[in-house]
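*Asks:* Got target-v5.tsv for you, TSV, C-alpha atoms and all ligand atoms:
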chain	number	residue	atom	x	y	z
S	1	MET	CA	2.42	-42.45	-20.94
S	2	LYS	CA	1.55	-38.77	-21.32
S	3	GLU	CA	-1.56	-37.83	-23.28
S	4	ILE	CA	-0.57	-35.18	-25.80
S	5	ILE	CA	-2.55	-33.30	-28.44
S	6	LEU	CA	-1.17	-31.75	-31.58
S	7	THR	CA	-3.27	-30.17	-34.28
S	8	GLY	CA	-3.35	-27.06	-36.41
S	9	ASP	CA	-4.61	-25.09	-39.39
S	10	ARG	CA	-3.12	-23.46	-42.43
S	11	PRO	CA	-3.28	-19.69	-42.16
S	12	THR	CA	-4.82	-18.99	-45.56
S	13	GLY	CA	-7.93	-17.17	-44.35
S	14	ARG	CA	-10.10	-16.43	-41.36
S	15	LEU	CA	-11.66	-19.53	-39.84
S	16	HIS	CA	-15.35	-20.27	-40.42
S	17	VAL	CA	-18.17	-22.22	-38.80
S	18	GLY	CA	-17.10	-25.33	-40.74
S	19	HIS	CA	-13.74	-25.24	-38.93
S	20	TYR	CA	-15.60	-24.61	-35.70
S	21	VAL	CA	-17.92	-27.62	-35.71
S	22	GLY	CA	-15.45	-29.81	-37.61
S	23	SER	CA	-12.58	-29.33	-35.22
S	24	LEU	CA	-12.23	-26.17	-33.09
S	25	LYS	CA	-15.18	-26.92	-30.83
S	26	GLU	CA	-13.83	-30.40	-30.20
S	27	ARG	CA	-10.38	-29.03	-29.38
S	28	VAL	CA	-11.75	-26.64	-26.81
S	29	LYS	CA	-13.72	-29.48	-25.26
S	30	LEU	CA	-10.62	-31.69	-25.13
S	31	GLN	CA	-8.59	-28.78	-23.74
S	32	ASN	CA	-11.08	-28.29	-20.92
S	33	SER	CA	-11.55	-32.00	-20.20
S	34	GLY	CA	-8.36	-32.05	-18.16
S	35	ARG	CA	-7.44	-35.39	-19.76
S	36	TYR	CA	-4.40	-34.09	-21.60
S	37	ASP	CA	-0.96	-33.38	-20.19
S	38	GLU	CA	0.18	-31.20	-23.07
S	39	ILE	CA	-1.71	-29.49	-25.91
S	40	TYR	CA	-0.04	-27.96	-28.96
S	41	ILE	CA	-2.02	-25.93	-31.48
S	42	MET	CA	-0.05	-25.00	-34.56
S	43	ILE	CA	-0.52	-22.28	-37.14
S	44	ALA	CA	0.82	-24.21	-40.15
S	45	ASP	CA	2.40	-21.38	-42.12
S	46	ALA	CA	5.12	-23.56	-43.67
S	47	GLN	CA	2.48	-25.97	-44.94
S	48	ALA	CA	0.41	-23.05	-46.26
S	49	LEU	CA	3.47	-21.95	-48.24
S	50	THR	CA	3.59	-25.30	-50.05
S	51	ASP	CA	0.82	-24.06	-52.31
S	52	ASN	CA	1.23	-20.33	-51.75
S	53	ALA	CA	4.92	-19.94	-52.47
S	54	GLU	CA	4.20	-16.86	-54.54
S	55	HIS	CA	1.88	-15.33	-51.95
S	56	PRO	CA	3.81	-15.26	-48.69
S	57	GLU	CA	2.04	-12.03	-47.76
S	58	LYS	CA	-1.33	-13.80	-47.72
S	59	VAL	CA	0.03	-16.42	-45.32
S	60	ARG	CA	1.71	-13.81	-43.15
S	61	GLN	CA	-1.42	-11.69	-42.83
S	62	ASN	CA	-3.53	-14.62	-41.75
S	63	ILE	CA	-1.29	-15.67	-38.87
S	64	MET	CA	-2.80	-13.12	-36.49
S	65	GLN	CA	-6.28	-13.79	-37.91
S	66	VAL	CA	-6.06	-17.49	-37.10
S	67	ALA	CA	-4.56	-16.76	-33.67
S	68	LEU	CA	-7.51	-14.45	-32.95
S	69	ASP	CA	-9.96	-17.12	-34.12
S	70	TYR	CA	-8.30	-19.65	-31.81
S	71	LEU	CA	-8.54	-17.39	-28.78
S	72	ALA	CA	-12.09	-16.42	-29.76
S	73	CYS	CA	-13.20	-20.06	-29.74
S	74	GLY	CA	-11.88	-20.55	-26.23
S	75	LEU	CA	-8.42	-21.99	-26.73
S	76	ASP	CA	-6.66	-20.83	-23.61
S	77	PRO	CA	-2.93	-20.05	-23.69
S	78	GLU	CA	-2.73	-21.14	-20.04
S	79	LYS	CA	-3.75	-24.65	-21.08
S	80	SER	CA	-2.69	-24.90	-24.74
S	81	THR	CA	0.55	-23.96	-26.42
S	82	LEU	CA	-0.26	-21.87	-29.51
S	83	PHE	CA	2.67	-21.63	-31.91
S	84	ILE	CA	3.82	-20.94	-35.45
S	85	GLN	CA	5.14	-23.88	-37.49
S	86	SER	CA	8.06	-22.11	-39.18
S	87	ALA	CA	9.33	-20.95	-35.78
S	88	VAL	CA	10.17	-24.61	-35.08
S	89	PRO	CA	12.85	-25.45	-37.68
S	90	GLU	CA	13.33	-28.90	-36.09
S	91	LEU	CA	10.18	-29.91	-37.98
S	92	THR	CA	11.96	-29.38	-41.28
S	93	GLU	CA	14.85	-31.59	-40.30
S	94	LEU	CA	12.53	-34.38	-39.19
S	95	THR	CA	10.68	-34.09	-42.49
S	96	PHE	CA	13.93	-34.56	-44.37
S	97	TYR	CA	14.71	-37.83	-42.59
S	98	TYR	CA	11.15	-39.13	-42.92
S	99	MET	CA	11.19	-38.49	-46.69
S	100	ASN	CA	13.45	-41.51	-47.04
S	101	LEU	CA	10.79	-43.76	-45.51
S	102	VAL	CA	8.01	-42.93	-47.97
S	103	THR	CA	7.72	-43.79	-51.65
S	104	VAL	CA	6.55	-41.39	-54.32
S	105	SER	CA	3.76	-43.77	-55.30
S	106	ARG	CA	2.54	-43.91	-51.70
S	107	VAL	CA	2.14	-40.13	-51.57
S	108	GLN	CA	0.47	-40.23	-54.98
S	109	ARG	CA	-2.13	-42.60	-53.59
S	110	ASN	CA	-2.97	-40.32	-50.64
S	111	PRO	CA	-6.61	-39.35	-51.37
S	112	THR	CA	-6.31	-35.91	-49.77
S	113	VAL	CA	-3.25	-35.08	-51.85
S	114	LYS	CA	-4.97	-36.42	-54.97
S	115	ALA	CA	-8.03	-34.24	-54.40
S	116	GLU	CA	-5.94	-31.17	-53.64
S	117	ILE	CA	-3.78	-31.61	-56.71
S	118	GLN	CA	-6.95	-31.68	-58.79
S	119	MET	CA	-8.48	-28.71	-57.02
S	120	ARG	CA	-5.38	-26.61	-57.67
S	121	ASN	CA	-4.85	-27.80	-61.25
S	122	PHE	CA	-1.39	-28.94	-60.21
S	123	GLU	CA	-1.56	-32.15	-62.31
S	124	ALA	CA	1.28	-31.23	-64.64
S	125	SER	CA	3.34	-29.15	-62.27
S	126	ILE	CA	3.14	-30.25	-58.67
S	127	PRO	CA	5.59	-28.35	-56.47
S	128	VAL	CA	7.84	-30.89	-54.72
S	129	GLY	CA	7.21	-29.17	-51.40
S	130	PHE	CA	3.47	-29.48	-51.80
S	131	PHE	CA	3.81	-33.12	-52.71
S	132	CYS	CA	5.76	-33.73	-49.51
S	133	TYR	CA	3.42	-32.00	-47.12
S	134	PRO	CA	1.92	-35.25	-45.78
S	135	ILE	CA	5.44	-36.15	-44.70
S	136	SER	CA	5.95	-32.79	-43.05
S	137	GLN	CA	2.62	-33.28	-41.31
S	138	ALA	CA	3.94	-36.56	-39.88
S	139	ALA	CA	6.91	-34.56	-38.58
S	140	ASP	CA	4.53	-32.08	-36.92
S	141	ILE	CA	2.64	-34.84	-35.17
S	142	THR	CA	5.58	-36.96	-34.08
S	143	ALA	CA	7.79	-34.04	-33.00
S	144	PHE	CA	5.38	-33.41	-30.17
S	145	ARG	CA	4.87	-37.10	-29.40
S	146	ALA	CA	1.17	-36.53	-29.98
S	147	THR	CA	-1.08	-39.36	-28.86
S	148	ALA	CA	-4.23	-37.62	-30.11
S	149	VAL	CA	-4.78	-35.53	-33.23
S	150	PRO	CA	-8.20	-33.84	-33.31
S	151	VAL	CA	-8.95	-32.95	-36.94
S	152	GLY	CA	-11.74	-33.06	-39.49
S	153	GLU	CA	-12.37	-36.29	-41.40
S	154	ASP	CA	-10.61	-34.90	-44.49
S	155	GLN	CA	-7.34	-35.38	-42.58
S	156	LEU	CA	-7.83	-39.13	-42.09
S	157	PRO	CA	-5.46	-40.12	-44.95
S	158	MET	CA	-2.80	-37.82	-43.45
S	159	LEU	CA	-3.02	-39.64	-40.14
S	160	GLU	CA	-2.78	-43.00	-41.86
S	161	GLN	CA	0.32	-41.89	-43.69
S	162	CYS	CA	1.79	-40.58	-40.43
S	163	LYS	CA	1.19	-43.90	-38.69
S	164	GLU	CA	2.95	-45.72	-41.51
S	165	ILE	CA	5.97	-43.46	-41.12
S	166	VAL	CA	6.00	-44.06	-37.36
S	167	HIS	CA	5.90	-47.84	-37.83
S	168	LYS	CA	8.54	-47.76	-40.52
S	169	PHE	CA	10.84	-45.53	-38.49
S	170	ASN	CA	10.44	-47.64	-35.36
S	171	SER	CA	11.05	-50.88	-37.22
S	172	VAL	CA	14.16	-49.58	-38.99
S	173	TYR	CA	15.77	-47.57	-36.17
S	174	GLY	CA	14.16	-48.99	-33.03
S	175	GLU	CA	11.17	-47.84	-30.94
S	176	THR	CA	11.45	-44.07	-30.95
S	177	LEU	CA	8.31	-42.38	-32.22
S	178	THR	CA	4.85	-42.28	-30.68
S	179	ASP	CA	1.91	-43.72	-32.61
S	180	PRO	CA	-0.89	-41.11	-32.80
S	181	LYS	CA	-4.67	-41.57	-32.83
S	182	ILE	CA	-7.06	-39.43	-34.83
S	183	VAL	CA	-9.91	-37.87	-32.82
S	184	LEU	CA	-12.99	-37.08	-34.93
S	185	PRO	CA	-15.94	-34.94	-33.74
S	186	GLU	CA	-18.74	-37.02	-32.18
S	187	ASN	CA	-21.70	-35.45	-33.97
S	188	ALA	CA	-21.81	-36.96	-37.50
S	189	SER	CA	-23.22	-33.84	-39.18
S	190	CYS	CA	-20.21	-31.95	-37.83
S	191	LEU	CA	-17.82	-34.03	-39.85
S	192	ARG	CA	-18.34	-31.80	-42.82
S	193	LEU	CA	-20.51	-28.73	-42.93
S	194	PRO	CA	-21.56	-27.83	-46.50
S	195	GLY	CA	-21.31	-24.26	-47.80
S	196	ILE	CA	-24.35	-21.98	-47.59
S	197	ASP	CA	-24.80	-22.65	-51.33
S	198	GLY	CA	-25.14	-26.39	-50.69
S	199	LYS	CA	-21.73	-27.23	-52.16
S	200	ALA	CA	-19.97	-30.05	-50.34
S	201	LYS	CA	-17.39	-27.89	-48.62
S	202	MET	CA	-17.13	-24.41	-47.20
S	203	SER	CA	-14.28	-22.66	-48.85
S	204	LYS	CA	-13.15	-19.11	-49.09
S	205	SER	CA	-12.62	-19.32	-52.84
S	206	LEU	CA	-16.26	-20.42	-53.32
S	207	GLY	CA	-17.48	-17.52	-51.16
S	208	ASN	CA	-19.90	-19.81	-49.33
S	209	CYS	CA	-18.64	-19.48	-45.74
S	210	ILE	CA	-19.97	-18.02	-42.53
S	211	TYR	CA	-16.91	-16.71	-40.68
S	212	LEU	CA	-16.40	-16.76	-36.93
S	213	SER	CA	-15.74	-13.03	-37.02
S	214	GLU	CA	-18.95	-12.28	-38.95
S	215	GLU	CA	-21.25	-9.48	-37.68
S	216	PRO	CA	-24.87	-10.36	-36.71
S	217	GLU	CA	-26.40	-8.71	-39.77
S	218	GLU	CA	-24.05	-10.59	-42.14
S	219	ILE	CA	-24.89	-13.88	-40.45
S	220	ARG	CA	-28.58	-13.20	-40.86
S	221	ALA	CA	-28.23	-12.25	-44.53
S	222	LYS	CA	-26.17	-15.39	-45.26
S	223	VAL	CA	-28.60	-17.70	-43.47
S	224	MET	CA	-31.61	-16.19	-45.22
S	225	SER	CA	-29.88	-16.71	-48.60
S	226	MET	CA	-29.02	-20.34	-47.88
S	227	PHE	CA	-29.66	-23.10	-50.37
S	228	THR	CA	-32.38	-25.56	-49.26
S	229	ASP	CA	-34.36	-28.31	-50.94
S	230	PRO	CA	-34.85	-26.98	-54.52
S	231	ASN	CA	-38.07	-28.97	-54.90
S	232	HIS	CA	-39.65	-27.43	-51.82
S	233	LEU	CA	-41.36	-24.65	-53.74
S	234	ARG	CA	-44.55	-24.02	-51.79
S	235	VAL	CA	-44.87	-24.16	-48.02
S	236	SER	CA	-47.34	-27.02	-48.41
S	237	ASP	CA	-44.90	-29.14	-50.48
S	238	PRO	CA	-43.16	-32.01	-48.71
S	239	GLY	CA	-39.47	-31.18	-48.22
S	240	LYS	CA	-36.22	-33.08	-48.03
S	241	VAL	CA	-34.16	-32.92	-44.89
S	242	GLU	CA	-31.28	-35.16	-45.98
S	243	GLY	CA	-28.55	-33.12	-47.65
S	244	ASN	CA	-30.44	-29.90	-46.95
S	245	PRO	CA	-27.81	-27.45	-45.63
S	246	VAL	CA	-30.24	-25.64	-43.34
S	247	PHE	CA	-31.01	-28.89	-41.51
S	248	ILE	CA	-27.40	-30.03	-41.52
S	249	TYR	CA	-26.49	-26.75	-39.78
S	250	LEU	CA	-29.33	-27.27	-37.30
S	251	GLU	CA	-28.08	-30.77	-36.58
S	252	ALA	CA	-24.63	-29.33	-35.93
S	253	PHE	CA	-25.65	-26.30	-33.85
S	254	SER	CA	-29.15	-26.57	-32.34
S	255	ARG	CA	-29.70	-27.72	-28.80
S	256	PRO	CA	-32.90	-28.36	-26.79
S	257	GLU	CA	-32.53	-24.95	-25.09
S	258	HIS	CA	-32.81	-23.25	-28.48
S	259	PHE	CA	-36.13	-24.95	-29.15
S	260	ALA	CA	-37.44	-24.03	-25.69
S	261	GLU	CA	-36.48	-20.40	-26.29
S	262	PHE	CA	-37.26	-19.81	-29.97
S	263	LEU	CA	-39.56	-22.62	-31.20
S	264	PRO	CA	-41.42	-23.92	-28.14
S	265	GLU	CA	-44.17	-25.36	-30.36
S	266	TYR	CA	-41.69	-28.11	-31.39
S	267	SER	CA	-40.29	-30.64	-28.94
S	268	GLY	CA	-37.00	-30.69	-30.82
S	269	LEU	CA	-35.22	-31.11	-34.12
S	270	GLU	CA	-36.84	-34.43	-34.91
S	271	GLU	CA	-40.34	-32.96	-34.78
S	272	LEU	CA	-39.26	-29.98	-36.89
S	273	GLU	CA	-37.76	-32.33	-39.48
S	274	ASP	CA	-40.91	-34.48	-39.54
S	275	HIS	CA	-43.01	-31.40	-40.20
S	276	TYR	CA	-40.71	-30.32	-43.05
S	277	ARG	CA	-40.88	-33.78	-44.63
S	278	ARG	CA	-44.66	-33.87	-44.38
S	279	GLY	CA	-45.07	-30.38	-45.88
S	280	GLY	CA	-46.57	-27.27	-44.38
S	281	LEU	CA	-43.35	-25.86	-42.98
S	282	GLY	CA	-41.77	-22.97	-44.86
S	283	ASP	CA	-38.04	-22.47	-45.44
S	284	VAL	CA	-38.21	-18.94	-44.07
S	285	LYS	CA	-39.39	-20.15	-40.68
S	286	VAL	CA	-36.63	-22.75	-40.47
S	287	LYS	CA	-34.01	-20.24	-41.58
S	288	LYS	CA	-35.19	-17.69	-39.03
S	289	PHE	CA	-34.73	-20.31	-36.36
S	290	LEU	CA	-31.28	-21.26	-37.66
S	291	ASN	CA	-30.33	-17.60	-37.61
S	292	GLN	CA	-31.41	-17.32	-33.95
S	293	VAL	CA	-29.41	-20.42	-33.07
S	294	LEU	CA	-26.28	-19.19	-34.86
S	295	GLN	CA	-26.57	-15.73	-33.31
S	296	VAL	CA	-26.64	-17.27	-29.82
S	297	GLU	CA	-23.70	-19.58	-30.58
S	298	LEU	CA	-21.50	-17.10	-32.39
S	299	GLU	CA	-22.00	-14.05	-30.19
S	300	PRO	CA	-19.60	-15.07	-27.40
S	301	ILE	CA	-17.00	-16.07	-30.01
S	302	ARG	CA	-17.27	-12.71	-31.77
S	303	GLU	CA	-17.10	-10.81	-28.48
S	304	ARG	CA	-14.02	-12.71	-27.31
S	305	ARG	CA	-12.41	-12.04	-30.68
S	306	LYS	CA	-13.02	-8.32	-30.25
S	307	TYR	CA	-11.48	-8.50	-26.79
S	308	TRP	CA	-8.28	-9.96	-28.21
S	309	GLU	CA	-8.29	-7.62	-31.24
S	310	GLN	CA	-7.80	-4.82	-28.71
S	311	ARG	CA	-4.76	-6.66	-27.33
S	312	LEU	CA	-2.70	-7.64	-30.36
S	313	PRO	CA	0.67	-7.20	-28.60
S	314	GLU	CA	-0.49	-9.79	-26.03
S	315	VAL	CA	-1.49	-12.17	-28.81
S	316	TYR	CA	1.93	-11.69	-30.38
S	317	GLU	CA	3.58	-12.56	-27.05
S	318	ILE	CA	1.39	-15.66	-26.68
S	319	LEU	CA	2.63	-16.86	-30.08
S	320	ARG	CA	6.24	-16.01	-29.33
S	321	GLU	CA	6.20	-17.76	-25.97
S	322	GLY	CA	4.25	-20.73	-27.41
S	323	SER	CA	6.74	-21.10	-30.26
S	324	ARG	CA	9.61	-21.14	-27.78
S	325	THR	CA	7.94	-23.90	-25.72
S	326	ALA	CA	7.09	-25.86	-28.88
S	327	ARG	CA	10.65	-25.62	-30.11
S	328	GLU	CA	12.00	-27.05	-26.88
S	329	LYS	CA	9.69	-30.03	-27.14
S	330	ALA	CA	10.48	-30.68	-30.80
S	331	SER	CA	14.21	-30.47	-30.27
S	332	GLN	CA	13.99	-33.19	-27.60
S	333	THR	CA	12.32	-35.50	-30.09
S	334	LEU	CA	14.83	-34.58	-32.78
S	335	GLN	CA	17.61	-35.56	-30.39
S	336	ASP	CA	15.95	-38.94	-29.85
S	337	VAL	CA	15.58	-39.36	-33.61
S	338	ARG	CA	19.22	-38.51	-34.32
S	339	HIS	CA	20.24	-40.89	-31.57
S	340	ALA	CA	18.11	-43.71	-33.00
S	341	MET	CA	19.53	-43.09	-36.48
S	342	ARG	CA	23.02	-42.91	-35.00
S	343	ILE	CA	23.71	-39.57	-36.58
S	344	ASP	CA	24.26	-37.86	-33.22
S	345	TYR	CA	27.99	-37.75	-33.97
S	346	PHE	CA	29.00	-35.02	-31.57
S	347	GLU	CA	26.84	-36.13	-28.64
S	348	ASN	CA	29.43	-38.90	-27.98
S	349	ASP	CA	32.68	-40.08	-29.54
S	350	ASN	CA	31.35	-43.37	-30.92
S	351	LEU	CA	32.49	-42.34	-34.36
S	352	LEU	CA	36.07	-42.81	-33.21
S	353	LYS	CA	35.51	-46.33	-31.93
W	401	LIG	N1	-3.34	-30.02	-42.84
W	401	LIG	C1	-3.95	-29.22	-41.81
W	401	LIG	C2	-4.92	-28.25	-42.52
W	401	LIG	O1	-5.12	-28.35	-43.68
W	401	LIG	C3	-2.96	-28.42	-41.01
W	401	LIG	C4	-1.91	-29.24	-40.34
W	401	LIG	C5	-0.56	-29.19	-40.56
W	401	LIG	C6	-2.11	-30.23	-39.34
W	401	LIG	N2	0.09	-30.07	-39.79
W	401	LIG	C7	-0.81	-30.73	-39.02
W	401	LIG	C8	-3.22	-30.77	-38.71
W	401	LIG	C9	-0.63	-31.75	-38.08
W	401	LIG	C10	-3.04	-31.78	-37.77
W	401	LIG	C11	-1.75	-32.27	-37.47
W	401	LIG	O2	-5.48	-27.38	-41.90
I'd like the structure from this file rewritten - as structure tokens, please.
*Replies:*
Amino acid sequence: MKEIILTGDRPTGRLHVGHYVGSLKERVKLQNSGRYDEIYIMIADAQALTDNAEHPEKVRQNIMQVALDYLACGLDPEKSTLFIQSAVPELTELTFYYMNLVTVSRVQRNPTVKAEIQMRNFEASIPVGFFCYPISQAADITAFRATAVPVGEDQLPMLEQCKEIVHKFNSVYGETLTDPKIVLPENASCLRLPGIDGKAKMSKSLGNCIYLSEEPEEIRAKVMSMFTDPNHLRVSDPGKVEGNPVFIYLEAFSRPEHFAEFLPEYSGLEELEDHYRRGGLGDVKVKKFLNQVLQVELEPIRERRKYWEQRLPEVYEILREGSRTAREKASQTLQDVRHAMRIDYFENDNLLK
């Protein structure tokens, strides 16, 4: 069986370091591992419209931004098919058939949907389209016969719901769809990077993100303003490492080479953390180190982004060509689905028999 990846992001803003460690970095690693036969990376504009119906311009403007972030991180159009969701209308048709295999109460129990409904104050007025997006996400995954879906842990309930749809479809209509596996990042602190203000999640609306396109001076200013242990008032005070954003970022980004180059007096992160816990290590010193680490990690990404920013017509062609390839793949699956459901009336004359 072919090994196939499908994943994607909603184009509602530029991507940030939380996206990077939570998912983009892993994708690039999987892309370059050579273990996958096909890789599809989707800009989920149709899904973004489920809660931005009145702001299509916001979604539209972020399509190129997300494409640039993808290329900046090292997704390679020679190895991965980058495409736009709405350019593959087959996904909508699949969604419509899958809707019959899911109950309203099942979607209501989906923890991600629950949390998002709350976050958007949708309680009394949930758009039907928004409510159905887990089903459309199952269409995205199955249309490409994905075996692996690399995403952040917040997407776990979506994958579970997708698997249920696959099993239900296959048991009602016969083995047709491929059962996908979720692929989570290995490093536990990468599962969810908090905002620079210490809030649980980086989000544009909270203004607590470090973007992949950020300039060096902005990165430095954001790192130096980061929330740390509020009880670590004097350098000599013992400090808390657990839940401290500065250390969570170091766990996600720092490598032994960074210590050798910038903090040779420490053998590694463990020794730095021990010192912080004991007291005698100031926040400013740790933040300066984190800034150095982030500068080293983000520079090549920013430079690659600038390279592609100079070549927007090429990026546009990459998306156009990718969307064409993606559409071909999805229409194959849709054919199989229609065949399994026996609604492929004009592919044969069985209806007359
Ligand atoms: N829900 C994802 C996000 O919030 C985007 C997405 C849409 C997706 N369809 C998908 C991710 C299919 C993985 C697989 O960014």
*Asks:* What is the atom CA of Val88 of chain S-atom CA of Asp69 of chain S distance in Å, reported with one decimal?
*Replies:*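 That distance, rounded to one decimal, is 21.5 Å.
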*Asks:* As AutoDock Vina command-line options, please: the centre and edge lengths in Å, to one decimal, of an axis-aligned box enclosing every listed atom of ligand LIG 401 (chain W) with 3 Å added on each side.
*Replies:*
--center_x -2.7 --center_y -29.8 --center_z -40.6 --size_x 11.6 --size_y 10.9 --size_z 12.2
*Asks:* Taking all atoms listed in the file into account, which residues have an atom no farther than 10 Å from ligand LIG 401 (chain W)? I'd like them as a PDB file with C-alpha atoms, keeping the file's coordinate frame.
*Replies:*
ATOM      1  CA  ILE S   5      -2.550 -33.300 -28.440  1.00  0.00           C
ATOM      2  CA  LEU S   6      -1.170 -31.750 -31.580  1.00  0.00           C
ATOM      3  CA  THR S   7      -3.270 -30.170 -34.280  1.00  0.00           C
ATOM      4  CA  GLY S   8      -3.350 -27.060 -36.410  1.00  0.00           C
ATOM      5  CA  ASP S   9      -4.610 -25.090 -39.390  1.00  0.00           C
ATOM      6  CA  ARG S  10      -3.120 -23.460 -42.430  1.00  0.00           C
ATOM      7  CA  PRO S  11      -3.280 -19.690 -42.160  1.00  0.00           C
ATOM      8  CA  THR S  12      -4.820 -18.990 -45.560  1.00  0.00           C
ATOM      9  CA  HIS S  19     -13.740 -25.240 -38.930  1.00  0.00           C
ATOM     10  CA  SER S  23     -12.580 -29.330 -35.220  1.00  0.00           C
ATOM     11  CA  TYR S  40      -0.040 -27.960 -28.960  1.00  0.00           C
ATOM     12  CA  ILE S  41      -2.020 -25.930 -31.480  1.00  0.00           C
ATOM     13  CA  MET S  42      -0.050 -25.000 -34.560  1.00  0.00           C
ATOM     14  CA  ILE S  43      -0.520 -22.280 -37.140  1.00  0.00           C
ATOM     15  CA  ALA S  44       0.820 -24.210 -40.150  1.00  0.00           C
ATOM     16  CA  ASP S  45       2.400 -21.380 -42.120  1.00  0.00           C
ATOM     17  CA  ALA S  46       5.120 -23.560 -43.670  1.00  0.00           C
ATOM     18  CA  GLN S  47       2.480 -25.970 -44.940  1.00  0.00           C
ATOM     19  CA  ALA S  48       0.410 -23.050 -46.260  1.00  0.00           C
ATOM     20  CA  GLN S  85       5.140 -23.880 -37.490  1.00  0.00           C
ATOM     21  CA  THR S 112      -6.310 -35.910 -49.770  1.00  0.00           C
ATOM     22  CA  TYR S 133       3.420 -32.000 -47.120  1.00  0.00           C
ATOM     23  CA  PRO S 134       1.920 -35.250 -45.780  1.00  0.00           C
ATOM     24  CA  ILE S 135       5.440 -36.150 -44.700  1.00  0.00           C
ATOM     25  CA  SER S 136       5.950 -32.790 -43.050  1.00  0.00           C
ATOM     26  CA  GLN S 137       2.620 -33.280 -41.310  1.00  0.00           C
ATOM     27  CA  ALA S 138       3.940 -36.560 -39.880  1.00  0.00           C
ATOM     28  CA  ALA S 139       6.910 -34.560 -38.580  1.00  0.00           C
ATOM     29  CA  ASP S 140       4.530 -32.080 -36.920  1.00  0.00           C
ATOM     30  CA  ILE S 141       2.640 -34.840 -35.170  1.00  0.00           C
ATOM     31  CA  THR S 142       5.580 -36.960 -34.080  1.00  0.00           C
ATOM     32  CA  ALA S 146       1.170 -36.530 -29.980  1.00  0.00           C
ATOM     33  CA  ALA S 148      -4.230 -37.620 -30.110  1.00  0.00           C
ATOM     34  CA  VAL S 149      -4.780 -35.530 -33.230  1.00  0.00           C
ATOM     35  CA  PRO S 150      -8.200 -33.840 -33.310  1.00  0.00           C
ATOM     36  CA  VAL S 151      -8.950 -32.950 -36.940  1.00  0.00           C
ATOM     37  CA  GLY S 152     -11.740 -33.060 -39.490  1.00  0.00           C
ATOM     38  CA  ASP S 154     -10.610 -34.900 -44.490  1.00  0.00           C
ATOM     39  CA  GLN S 155      -7.340 -35.380 -42.580  1.00  0.00           C
ATOM     40  CA  LEU S 156      -7.830 -39.130 -42.090  1.00  0.00           C
ATOM     41  CA  MET S 158      -2.800 -37.820 -43.450  1.00  0.00           C
ATOM     42  CA  LEU S 159      -3.020 -39.640 -40.140  1.00  0.00           C
ATOM     43  CA  CYS S 162       1.790 -40.580 -40.430  1.00  0.00           C
ATOM     44  CA  ILE S 182      -7.060 -39.430 -34.830  1.00  0.00           C
TER      45      ILE S 182
END
*Asks:* Using all atoms listed in the file, can you tell me which of S:Met119, S:Thr50, S:Thr81, S:Gly74 comes closest to Asp37 of chain S?
*Replies:*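 The shortest atom-to-atom distance to Asp37 of chain S comes from S:Thr81.
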*Asks:* Write out as a tab-separated table a residue-level contact list of segment 230-331 of chain S versus segment 203-225 of chain S with cut-off 8 Å: for each qualifying residue the closest pair of atoms and the distance in Å to one decimal, counting all atoms listed in the file, rows sorted by chain and residue number upward.
*Replies:*
residue	atom	partner	partner_atom	distance
S:Val284	CA	S:Met224	CA	7.2
S:Lys287	CA	S:Met224	CA	6.0
S:Lys288	CA	S:Met224	CA	7.3
S:Leu290	CA	S:Val223	CA	7.3
S:Asn291	CA	S:Arg220	CA	5.7
S:Leu294	CA	S:Ile219	CA	7.8
S:Gln295	CA	S:Pro216	CA	6.6
S:Leu298	CA	S:Leu212	CA	6.8
S:Ile301	CA	S:Leu212	CA	7.0
S:Arg302	CA	S:Ser213	CA	5.5
S:Arg305	CA	S:Ser213	CA	7.2
*Asks:* Name all residues at most 12 Å from Lys2 of chain S (count only C-alpha atoms; drop same-chain ones fewer than 4 positions away) and give them as an MDAnalysis selection string.
*Replies:* chainID S and resid 35:39 144:148 178 180
*Asks:* I'd like the interatomic distance between atom CA of Ile196 of chain S and atom CA of Phe227 of chain S, to a tenth of an Å.
*Replies:*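 Straight-line distance from atom CA of Ile196 of chain S to atom CA of Phe227 of chain S works out to 6.1 Å.
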*Asks:* Which of these, S:Asp274, S:Asp283, S:Glu297, S:Asp179, has the shortest distance to His258 of chain S once you count only C-alpha atoms?
*Replies:* S:Glu297
*Asks:* So that I can check the surroundings of Gly280 of chain S, please list as a count of residues only every protein, DNA and RNA residue that reaches within 10 Å of it, counting all atoms listed in the file and ignoring chain neighbours fewer than 6 positions away.
*Replies:* 6
*Asks:* Between atom CA of Phe253 of chain S and atom CA of Tyr307 of chain S, measure the distance and give it in Å to one decimal.
*Replies:*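 Computing the Euclidean distance for atom CA of Phe253 of chain S and atom CA of Tyr307 of chain S yields 23.8 Å.
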*Asks:* Just checking: using all atoms listed in the file, which residue out of S:Val28, S:Leu184, S:Val59, S:Leu71 ends up closest to Lys306 of chain S?
*Replies:* S:Leu71
*Asks:* Point out the residue among S:Ala252, S:Leu319, S:Leu233, S:Val246 with the least atom-to-atom distance to Arg192 of chain S, counting only C-alpha atoms.
*Replies:*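 The answer is S:Ala252, which sits nearest to Arg192 of chain S.
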*Asks:* Quick one: residues within 7 Å of Ala326 of chain S, only C-alpha atoms, excluding same-chain residues fewer than 4 positions away - as a PyMOL selection string?
*Replies:* chain S and resi 83+322+330
*Asks:* Could you list, as a ChimeraX atom specification, every residue within 12 Å of Glu261 of chain S, counting only C-alpha atoms and ignoring same-chain residues fewer than 5 positions away?
*Replies:* /S:254-256,266-268,289,292-293,296
*Asks:* Measuring atom to atom with only C-alpha atoms, identify which of S:Arg60, S:Leu49, S:Leu94, S:Cys73 is nearest to Phe169 of chain S.
*Replies:*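 Among S:Arg60, S:Leu49, S:Leu94, S:Cys73, it is S:Leu94 that comes nearest to Phe169 of chain S.
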